[in-house]
Each structure stands twice: as structure tokens, then as C-alpha cells.
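my_file.txt (compact mmCIF, C-alpha atoms) appears below.
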# COMPACT_ATOMS: atom_id res chain seq x y z
CA MET A 16 -13.90 -7.27 -59.74
CA GLY A 17 -13.14 -8.73 -56.38
CA THR A 18 -10.35 -10.72 -55.02
CA ASP A 19 -9.57 -14.33 -55.48
CA ASN A 20 -8.89 -14.90 -51.78
CA LEU A 21 -12.25 -13.62 -50.41
CA PHE A 22 -12.94 -16.97 -48.75
CA GLN A 23 -9.49 -16.97 -47.11
CA LYS A 24 -10.08 -13.50 -45.53
CA ARG A 25 -13.45 -14.56 -44.10
CA LYS A 26 -11.90 -17.72 -42.66
CA GLN A 27 -9.18 -15.69 -40.88
CA ARG A 28 -11.76 -13.28 -39.41
CA VAL A 29 -13.85 -16.16 -37.99
CA ALA A 30 -10.78 -17.83 -36.46
CA ALA A 31 -9.79 -14.58 -34.72
CA SER A 32 -13.26 -14.16 -33.20
CA LEU A 33 -13.10 -17.65 -31.67
CA GLN A 34 -9.89 -16.97 -29.76
CA ARG A 35 -10.13 -16.65 -25.99
CA LYS A 36 -10.37 -13.06 -24.81
CA GLN A 37 -7.74 -11.62 -22.48
CA SER A 38 -8.84 -11.42 -18.82
CA LEU A 39 -9.86 -7.96 -17.69
CA LYS A 40 -9.81 -8.50 -13.92
CA ALA A 41 -6.78 -9.23 -11.82
CA PRO A 42 -6.99 -12.52 -9.92
CA TYR A 43 -8.04 -12.29 -6.27
CA ASP A 44 -5.56 -12.75 -3.48
CA ARG A 45 -5.94 -15.90 -1.39
CA VAL A 46 -6.79 -15.14 2.23
CA LEU A 47 -6.69 -17.35 5.32
CA ILE A 48 -8.68 -16.20 8.36
CA VAL A 49 -8.06 -18.24 11.51
CA CYS A 50 -10.53 -17.41 14.29
CA GLU A 51 -10.30 -18.09 17.99
CA GLY A 52 -14.02 -18.69 18.26
CA ALA A 53 -15.65 -21.80 16.85
CA LYS A 54 -18.93 -20.17 15.78
CA THR A 55 -19.33 -16.39 16.21
CA GLU A 56 -16.32 -15.16 14.24
CA PRO A 57 -16.41 -17.83 11.49
CA ASN A 58 -20.16 -17.25 11.01
CA TYR A 59 -19.59 -13.50 10.73
CA PHE A 60 -16.81 -13.80 8.14
CA LYS A 61 -18.69 -16.46 6.15
CA GLU A 62 -21.70 -14.14 6.00
CA ILE A 63 -19.46 -11.35 4.67
CA ARG A 64 -17.99 -13.74 2.11
CA ASN A 65 -21.48 -14.78 0.99
CA ALA A 66 -22.85 -11.21 0.95
CA TYR A 67 -20.07 -10.06 -1.37
CA ARG A 68 -20.16 -13.30 -3.38
CA LEU A 69 -16.51 -14.04 -2.81
CA SER A 70 -15.17 -17.42 -3.78
CA THR A 71 -14.52 -20.02 -1.10
CA ALA A 72 -11.42 -20.90 -3.11
CA ASN A 73 -10.00 -17.45 -2.33
CA ILE A 74 -11.05 -17.06 1.32
CA ASP A 75 -10.54 -19.90 3.79
CA ILE A 76 -12.09 -19.41 7.24
CA CYS A 77 -11.09 -21.66 10.14
CA GLY A 78 -12.45 -21.62 13.67
CA LYS A 79 -13.25 -24.90 15.35
CA GLU A 80 -10.08 -26.55 14.00
CA CYS A 81 -7.80 -24.85 16.53
CA ASP A 82 -8.06 -24.33 20.27
CA SER A 83 -9.46 -21.11 21.66
CA ASP A 84 -6.32 -19.63 23.17
CA PRO A 85 -4.35 -17.04 21.15
CA LEU A 86 -1.13 -19.06 20.93
CA SER A 87 -3.02 -22.04 19.47
CA VAL A 88 -4.58 -19.75 16.85
CA ILE A 89 -1.15 -18.44 15.78
CA ASN A 90 0.32 -21.97 15.71
CA TYR A 91 -2.62 -23.28 13.66
CA ALA A 92 -2.26 -20.42 11.15
CA ILE A 93 1.45 -21.20 10.73
CA LYS A 94 0.68 -24.91 10.29
CA LYS A 95 -2.13 -24.23 7.78
CA TYR A 96 0.13 -21.89 5.77
CA GLY A 97 2.84 -24.58 5.78
CA GLU A 98 0.36 -27.03 4.23
CA ASP A 99 -0.76 -24.51 1.58
CA PRO A 100 1.75 -21.67 1.00
CA ASP A 101 -0.35 -20.03 -1.73
CA TYR A 102 -2.01 -17.58 0.71
CA GLU A 103 -1.10 -13.92 0.26
CA HIS A 104 -2.76 -12.84 3.52
CA VAL A 105 -3.08 -14.70 6.83
CA TYR A 106 -5.21 -13.11 9.56
CA CYS A 107 -5.58 -14.38 13.12
CA VAL A 108 -8.74 -13.11 14.85
CA ILE A 109 -8.03 -13.14 18.58
CA ASP A 110 -9.84 -11.90 21.70
CA ARG A 111 -7.74 -10.25 24.40
CA ASP A 112 -10.17 -11.21 27.15
CA LYS A 113 -8.28 -12.84 30.06
CA HIS A 114 -6.05 -15.17 28.05
CA THR A 115 -2.68 -15.93 29.63
CA THR A 116 -1.08 -16.78 26.25
CA PHE A 117 -1.98 -13.48 24.55
CA ASP A 118 1.45 -11.83 24.94
CA ALA A 119 3.29 -14.99 23.90
CA ALA A 120 1.06 -15.23 20.82
CA MET A 121 1.76 -11.63 19.82
CA ASP A 122 5.51 -12.21 20.27
CA LYS A 123 5.42 -15.34 18.12
CA LEU A 124 3.41 -13.57 15.43
CA SER A 125 5.86 -10.64 15.28
CA GLN A 126 8.85 -13.01 15.02
CA THR A 127 7.35 -15.25 12.33
CA LYS A 128 7.78 -14.55 8.63
CA LEU A 129 5.61 -16.85 6.53
CA GLY A 130 6.91 -15.93 3.11
CA GLU A 131 7.97 -13.08 0.92
CA ASN A 132 5.15 -10.53 0.46
CA VAL A 133 2.80 -12.52 2.76
CA THR A 134 0.77 -10.47 5.24
CA PHE A 135 0.64 -12.20 8.64
CA THR A 136 -1.44 -10.14 11.05
CA ALA A 137 -3.43 -10.50 14.24
CA THR A 138 -6.77 -8.75 14.43
CA THR A 139 -7.36 -8.37 18.14
CA SER A 140 -10.62 -7.66 19.91
CA ILE A 141 -10.48 -6.11 23.35
CA PRO A 142 -12.18 -7.61 25.28
CA CYS A 143 -14.00 -9.81 22.73
CA PHE A 144 -15.30 -10.02 19.16
CA GLU A 145 -18.80 -8.94 20.23
CA PHE A 146 -17.38 -5.50 21.02
CA TRP A 147 -17.08 -4.92 17.23
CA LEU A 148 -20.76 -5.80 16.88
CA LEU A 149 -21.62 -3.34 19.65
CA LEU A 150 -19.74 -0.55 17.87
CA ASN A 151 -22.16 -0.89 14.95
CA PHE A 152 -24.91 0.43 17.23
CA VAL A 153 -23.28 2.76 19.72
CA TYR A 154 -20.02 4.64 20.19
CA THR A 155 -18.49 3.68 23.50
CA THR A 156 -15.15 3.92 25.24
CA ARG A 157 -16.45 1.97 28.22
CA GLN A 158 -14.14 -0.65 29.63
CA PHE A 159 -15.75 -4.06 30.04
CA CYS A 160 -13.95 -5.60 33.00
CA ALA A 161 -15.72 -8.38 34.84
CA PRO A 162 -14.59 -9.12 38.40
CA GLY A 163 -12.74 -12.33 39.24
CA ASN A 164 -13.12 -15.21 36.80
CA SER A 165 -16.27 -13.81 35.21
CA SER A 166 -16.20 -13.27 31.48
CA ASN A 167 -15.71 -9.78 30.09
CA CYS A 168 -17.60 -10.94 27.04
CA GLU A 169 -20.77 -11.48 29.07
CA LEU A 170 -20.78 -7.75 29.89
CA VAL A 171 -20.52 -6.88 26.20
CA ILE A 172 -23.31 -9.33 25.31
CA ALA A 173 -25.55 -7.78 28.00
CA GLU A 174 -24.91 -4.38 26.38
CA LEU A 175 -25.72 -5.81 22.94
CA ASN A 176 -29.02 -7.21 24.20
CA LYS A 177 -30.29 -3.81 25.31
CA ARG A 178 -33.14 -2.23 23.37
CA GLU A 179 -32.47 -0.95 19.84
CA ARG A 180 -29.47 -3.22 19.42
CA ILE A 181 -29.28 -6.94 18.66
CA ARG A 182 -32.10 -8.52 20.64
CA SER A 183 -31.59 -11.94 22.18
CA TYR A 184 -28.02 -12.11 20.95
CA LYS A 185 -26.11 -15.24 21.91
CA LYS A 186 -22.61 -16.39 21.02
CA GLY A 187 -22.58 -18.27 17.71
CA ALA A 188 -25.65 -16.43 16.39
CA LEU A 189 -26.32 -16.41 12.66
CA ASN A 190 -27.33 -13.44 10.51
CA ILE A 191 -25.38 -10.85 12.47
CA TRP A 192 -23.66 -9.44 9.40
Output the file's structure as C-alpha cells, nothing else.
Amino acid sequence: MGTDNLFQKRKQRVAASLQRKQSLKAPYDRVLIVCEGAKTEPNYFKEIRNAYRLSTANIDICGKECDSDPLSVINYAIKKYGEDPDYEHVYCVIDRDKHTTFDAAMDKLSQTKLGENVTFTATTSIPCFEFWLLLNFVYTTRQFCAPGNSSNCELVIAELNKRERIRSYKKGALNIW
């Protein structure tokens, strides 16, 4: 009536239940985002990362580490990738504004291959990053062109500060996501 190896079967069942389960989710890609701005863009992307509870180990956001001209952003991204080639995606967030190195930066980006299956892309804002914030509130095809050495970005910020948009917006503001 029963088997002699009842204890042995129970022992095998317990051992199987203690084994580590196979992972169900695919691992996340590692992403490097290098921003031209020291505050506005990094704050925005960090807020997105926090809102979606993404790991800081998977998404690295740089801003103040490189200079604010487009060519410096591209060069810093290449240098950062050289130090840590485990990134699958490298994004350079660049304003068109009135930068003299914009075309040279785009040429360098198109001629640079970081690694096999590595996305290396520039995300450009014309004229500035705040334009993307403005598009959250109003559709516009208006050109923001300031005369002389004035900043195009100041025109966009003035538009953002109008009623029913972001009130009292300043560059580097928090909680804009």
C-alpha cells in the first residue's frame, strides 16, 4: 500500500520549487541622453524617468558636463560612449538657435558610427527646447526669429508665459513634465 520512496518524491518536489524562476521581461536597453542645456532639458528628462519609474542604471542623462554648443554635445556623447560602450541608444538633444557649430555637429554625427546596432541620433529643437513645451499647449507654425543678437528662445518663453500656458516659466524650471 504505498511506495517505499514517498519521502524521496516529496524531497524532489520541494527542491524544484526553490529553483529560481525564469525571467519574464526582457532587459531594458541602456540609453544615454546628452543635452545641450545644463538645467531645462536634463530636468525634463529626469522627470520623465522618475514618472515612469525607469532605472537610473538604464538611462543616463548628461547636461552640465559638456559645453552648450552642438559640436561639444556630439563630442561629449562620443567620449562618454567610448568610456562605457554598453549603451544601445545615444541621443544628443540640441537647439538650432543661432549656433555656428550646428552644421558641423550634424555632419560629425552622420559620419560617426559608435558600434554595431547602436542608435546615435540628434534630437534637434528649432529654435529651442522650450518650443516643445509650447506645443503641449498650442499648435503653432510661427517662426521665432529674434533680430540681431537677441535670443530666439526668449520669444518662445514669452509665448509660454501667456495666459493658460505655463505661468512664470523660466529656463531650468522644475515640474514641467
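Computed from the coordinates, the atom CA of A:Cys50 to atom CA of A:Gln158 distance equals 23.0 Å.
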Exercise: residues within 9 Å of coordinate (4.7, -14.4, 4.4), counting only C-alpha atoms, as a list in words: Tyr96, Pro100, Tyr102, Glu103, His104, Val105, Thr127, Lys128, Leu129, Gly130, Glu131, Asn132, Val133, Thr134 and Phe135 of chain A
Sphere at (-9.6, -9.6, 2.2), radius 8 Å, counting only C-alpha atoms: residues as an NGL selection string: :A and (44 or 46 or 74 or 104)
Please report, as a tab-separated table, each residue of stretch 57-135 of chain A lying at most 8 Å from stretch 142-147 of chain A, together with the nearest pair of atoms and the separation in Å rounded to one decimal; use all atoms listed in the file, and order rows by chain and ascending residue number.
residue	atom	partner	partner_atom	distance
A:Ile109	CA	A:Phe144	CA	7.9
A:Asp110	CA	A:Cys143	CA	4.8
A:Arg111	CA	A:Pro142	CA	5.2
A:Asp112	CA	A:Pro142	CA	4.5
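If you look at atom CA of A:Lys113 and atom CA of A:Leu86, they are 13.2 Å away from each other.
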Selection near A:Tyr106, 7 Å with only C-alpha atoms, sequence-local residues under 5 positions removed, as an MDAnalysis selection string: chainID A and resid 47:49 135:138
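Here atom CA of A:Leu189 is placed at a distance of 15.8 Å from atom CA of A:Lys79.
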Distance query A:Lys54 at most 7 Å, all atoms listed in the file, self and fewer than 3 positions along chain excluded, as a list in words: Pro57, Asn58, Gly78 and Gly187 of chain A
Please list as a PDB file with C-alpha atoms, in the coordinates of the input every residue within 8 Å of A:Leu149, counting all atoms listed in the file and excluding residues in the same chain fewer than 3 positions away.
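As a result, around10.pdb now contains:
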ATOM      1  CA  GLU A 145     -18.800  -8.940  20.230  1.00  0.00           C
ATOM      2  CA  PHE A 146     -17.380  -5.500  21.020  1.00  0.00           C
ATOM      3  CA  PHE A 152     -24.910   0.430  17.230  1.00  0.00           C
ATOM      4  CA  VAL A 153     -23.280   2.760  19.720  1.00  0.00           C
ATOM      5  CA  VAL A 171     -20.520  -6.880  26.200  1.00  0.00           C
ATOM      6  CA  GLU A 174     -24.910  -4.380  26.380  1.00  0.00           C
ATOM      7  CA  LEU A 175     -25.720  -5.810  22.940  1.00  0.00           C
ATOM      8  CA  ARG A 180     -29.470  -3.220  19.420  1.00  0.00           C
TER       9      ARG A 180
END
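Between A:Asp101 and the residues A:Ala72, A:Ile172, A:Ile141, A:Ala53, the shortest atom-to-atom distance, using all atoms listed in the file, involves A:Ala72.
Restricting the calculation to only C-alpha atoms, the smallest distance between A:Glu179 and any of A:Ser70, A:Cys81, A:Lys94, A:Asn151 is found for A:Asn151.
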Surrounding residues of A:Tyr59 excluding itself and chain neighbours under 5 positions, 8 Å, only C-alpha atoms, as an MDAnalysis selection string: chainID A and resid 189:192
Writer output for current selection, C-alpha atoms, as a short mmCIF file (atom, residue, chain, number, x, y, z; two decimals), keeping the file's coordinate frame:
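Dumped to again.cif:
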data_model
loop_
_atom_site.label_atom_id
_atom_site.label_comp_id
_atom_site.auth_asym_id
_atom_site.auth_seq_id
_atom_site.Cartn_x
_atom_site.Cartn_y
_atom_site.Cartn_z
CA LEU A 189 -26.32 -16.41 12.66
CA ASN A 190 -27.33 -13.44 10.51
CA ILE A 191 -25.38 -10.85 12.47
CA TRP A 192 -23.66 -9.44 9.40
#
Shell around A:Cys160 at 9 Å using all atoms listed in the file, local window under 4 positions removed, as number ranges by chain: A: 112, 142, 165-168, 170
Can you take the partial stretch 35-58 of chain A, add N, CA and C atoms, and return it as a PDB file, in the frame of the given file?
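Output saved as rebuild_6.pdb:
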ATOM      1  N   ARG A  35      -9.780 -17.033 -27.348  1.00  0.00           N
ATOM      2  CA  ARG A  35     -10.130 -16.650 -25.990  1.00  0.00           C
ATOM      3  C   ARG A  35      -9.738 -15.199 -25.731  1.00  0.00           C
ATOM      4  N   LYS A  36     -10.623 -14.464 -25.100  1.00  0.00           N
ATOM      5  CA  LYS A  36     -10.370 -13.060 -24.810  1.00  0.00           C
ATOM      6  C   LYS A  36      -9.422 -12.949 -23.612  1.00  0.00           C
ATOM      7  N   GLN A  37      -8.640 -11.874 -23.589  1.00  0.00           N
ATOM      8  CA  GLN A  37      -7.740 -11.620 -22.480  1.00  0.00           C
ATOM      9  C   GLN A  37      -8.563 -11.278 -21.231  1.00  0.00           C
ATOM     10  N   SER A  38      -8.110 -11.706 -20.053  1.00  0.00           N
ATOM     11  CA  SER A  38      -8.840 -11.420 -18.820  1.00  0.00           C
ATOM     12  C   SER A  38      -8.731  -9.921 -18.517  1.00  0.00           C
ATOM     13  N   LEU A  39      -9.823  -9.377 -18.013  1.00  0.00           N
ATOM     14  CA  LEU A  39      -9.860  -7.960 -17.690  1.00  0.00           C
ATOM     15  C   LEU A  39      -9.623  -7.703 -16.210  1.00  0.00           C
ATOM     16  N   LYS A  40      -9.971  -8.668 -15.352  1.00  0.00           N
ATOM     17  CA  LYS A  40      -9.810  -8.500 -13.920  1.00  0.00           C
ATOM     18  C   LYS A  40      -8.550  -9.198 -13.441  1.00  0.00           C
ATOM     19  N   ALA A  41      -7.937  -8.594 -12.450  1.00  0.00           N
ATOM     20  CA  ALA A  41      -6.780  -9.230 -11.820  1.00  0.00           C
ATOM     21  C   ALA A  41      -7.291 -10.361 -10.933  1.00  0.00           C
ATOM     22  N   PRO A  42      -6.539 -11.436 -10.790  1.00  0.00           N
ATOM     23  CA  PRO A  42      -6.990 -12.520  -9.920  1.00  0.00           C
ATOM     24  C   PRO A  42      -7.017 -12.057  -8.462  1.00  0.00           C
ATOM     25  N   TYR A  43      -7.922 -12.635  -7.679  1.00  0.00           N
ATOM     26  CA  TYR A  43      -8.040 -12.290  -6.270  1.00  0.00           C
ATOM     27  C   TYR A  43      -6.895 -12.898  -5.475  1.00  0.00           C
ATOM     28  N   ASP A  44      -6.528 -12.192  -4.406  1.00  0.00           N
ATOM     29  CA  ASP A  44      -5.560 -12.750  -3.480  1.00  0.00           C
ATOM     30  C   ASP A  44      -6.222 -13.881  -2.699  1.00  0.00           C
ATOM     31  N   ARG A  45      -5.422 -14.830  -2.261  1.00  0.00           N
ATOM     32  CA  ARG A  45      -5.940 -15.900  -1.390  1.00  0.00           C
ATOM     33  C   ARG A  45      -5.735 -15.459   0.054  1.00  0.00           C
ATOM     34  N   VAL A  46      -6.785 -15.623   0.852  1.00  0.00           N
ATOM     35  CA  VAL A  46      -6.790 -15.140   2.230  1.00  0.00           C
ATOM     36  C   VAL A  46      -7.133 -16.288   3.165  1.00  0.00           C
ATOM     37  N   LEU A  47      -6.397 -16.399   4.251  1.00  0.00           N
ATOM     38  CA  LEU A  47      -6.690 -17.350   5.320  1.00  0.00           C
ATOM     39  C   LEU A  47      -7.054 -16.555   6.559  1.00  0.00           C
ATOM     40  N   ILE A  48      -8.230 -16.842   7.124  1.00  0.00           N
ATOM     41  CA  ILE A  48      -8.680 -16.200   8.360  1.00  0.00           C
ATOM     42  C   ILE A  48      -8.823 -17.311   9.397  1.00  0.00           C
ATOM     43  N   VAL A  49      -8.002 -17.253  10.435  1.00  0.00           N
ATOM     44  CA  VAL A  49      -8.060 -18.240  11.510  1.00  0.00           C
ATOM     45  C   VAL A  49      -8.658 -17.531  12.734  1.00  0.00           C
ATOM     46  N   CYS A  50      -9.788 -18.041  13.199  1.00  0.00           N
ATOM     47  CA  CYS A  50     -10.530 -17.410  14.290  1.00  0.00           C
ATOM     48  C   CYS A  50     -10.373 -18.187  15.581  1.00  0.00           C
ATOM     49  N   GLU A  51     -10.362 -17.469  16.672  1.00  0.00           N
ATOM     50  CA  GLU A  51     -10.300 -18.090  17.990  1.00  0.00           C
ATOM     51  C   GLU A  51     -11.624 -18.776  18.315  1.00  0.00           C
ATOM     52  N   GLY A  52     -12.707 -18.133  17.971  1.00  0.00           N
ATOM     53  CA  GLY A  52     -14.020 -18.690  18.260  1.00  0.00           C
ATOM     54  C   GLY A  52     -14.404 -19.771  17.267  1.00  0.00           C
ATOM     55  N   ALA A  53     -15.225 -20.706  17.721  1.00  0.00           N
ATOM     56  CA  ALA A  53     -15.650 -21.800  16.850  1.00  0.00           C
ATOM     57  C   ALA A  53     -16.876 -21.441  16.034  1.00  0.00           C
ATOM     58  N   LYS A  54     -17.680 -20.485  16.497  1.00  0.00           N
ATOM     59  CA  LYS A  54     -18.930 -20.170  15.780  1.00  0.00           C
ATOM     60  C   LYS A  54     -19.065 -18.685  15.429  1.00  0.00           C
ATOM     61  N   THR A  55     -18.997 -17.802  16.422  1.00  0.00           N
ATOM     62  CA  THR A  55     -19.330 -16.390  16.210  1.00  0.00           C
ATOM     63  C   THR A  55     -18.501 -15.763  15.098  1.00  0.00           C
ATOM     64  N   GLU A  56     -17.175 -15.797  15.234  1.00  0.00           N
ATOM     65  CA  GLU A  56     -16.320 -15.160  14.240  1.00  0.00           C
ATOM     66  C   GLU A  56     -16.392 -15.846  12.879  1.00  0.00           C
ATOM     67  N   PRO A  57     -16.291 -17.197  12.801  1.00  0.00           N
ATOM     68  CA  PRO A  57     -16.410 -17.830  11.490  1.00  0.00           C
ATOM     69  C   PRO A  57     -17.761 -17.546  10.818  1.00  0.00           C
ATOM     70  N   ASN A  58     -18.844 -17.562  11.587  1.00  0.00           N
ATOM     71  CA  ASN A  58     -20.160 -17.250  11.010  1.00  0.00           C
ATOM     72  C   ASN A  58     -20.172 -15.844  10.421  1.00  0.00           C
TER      73      ASN A  58
END
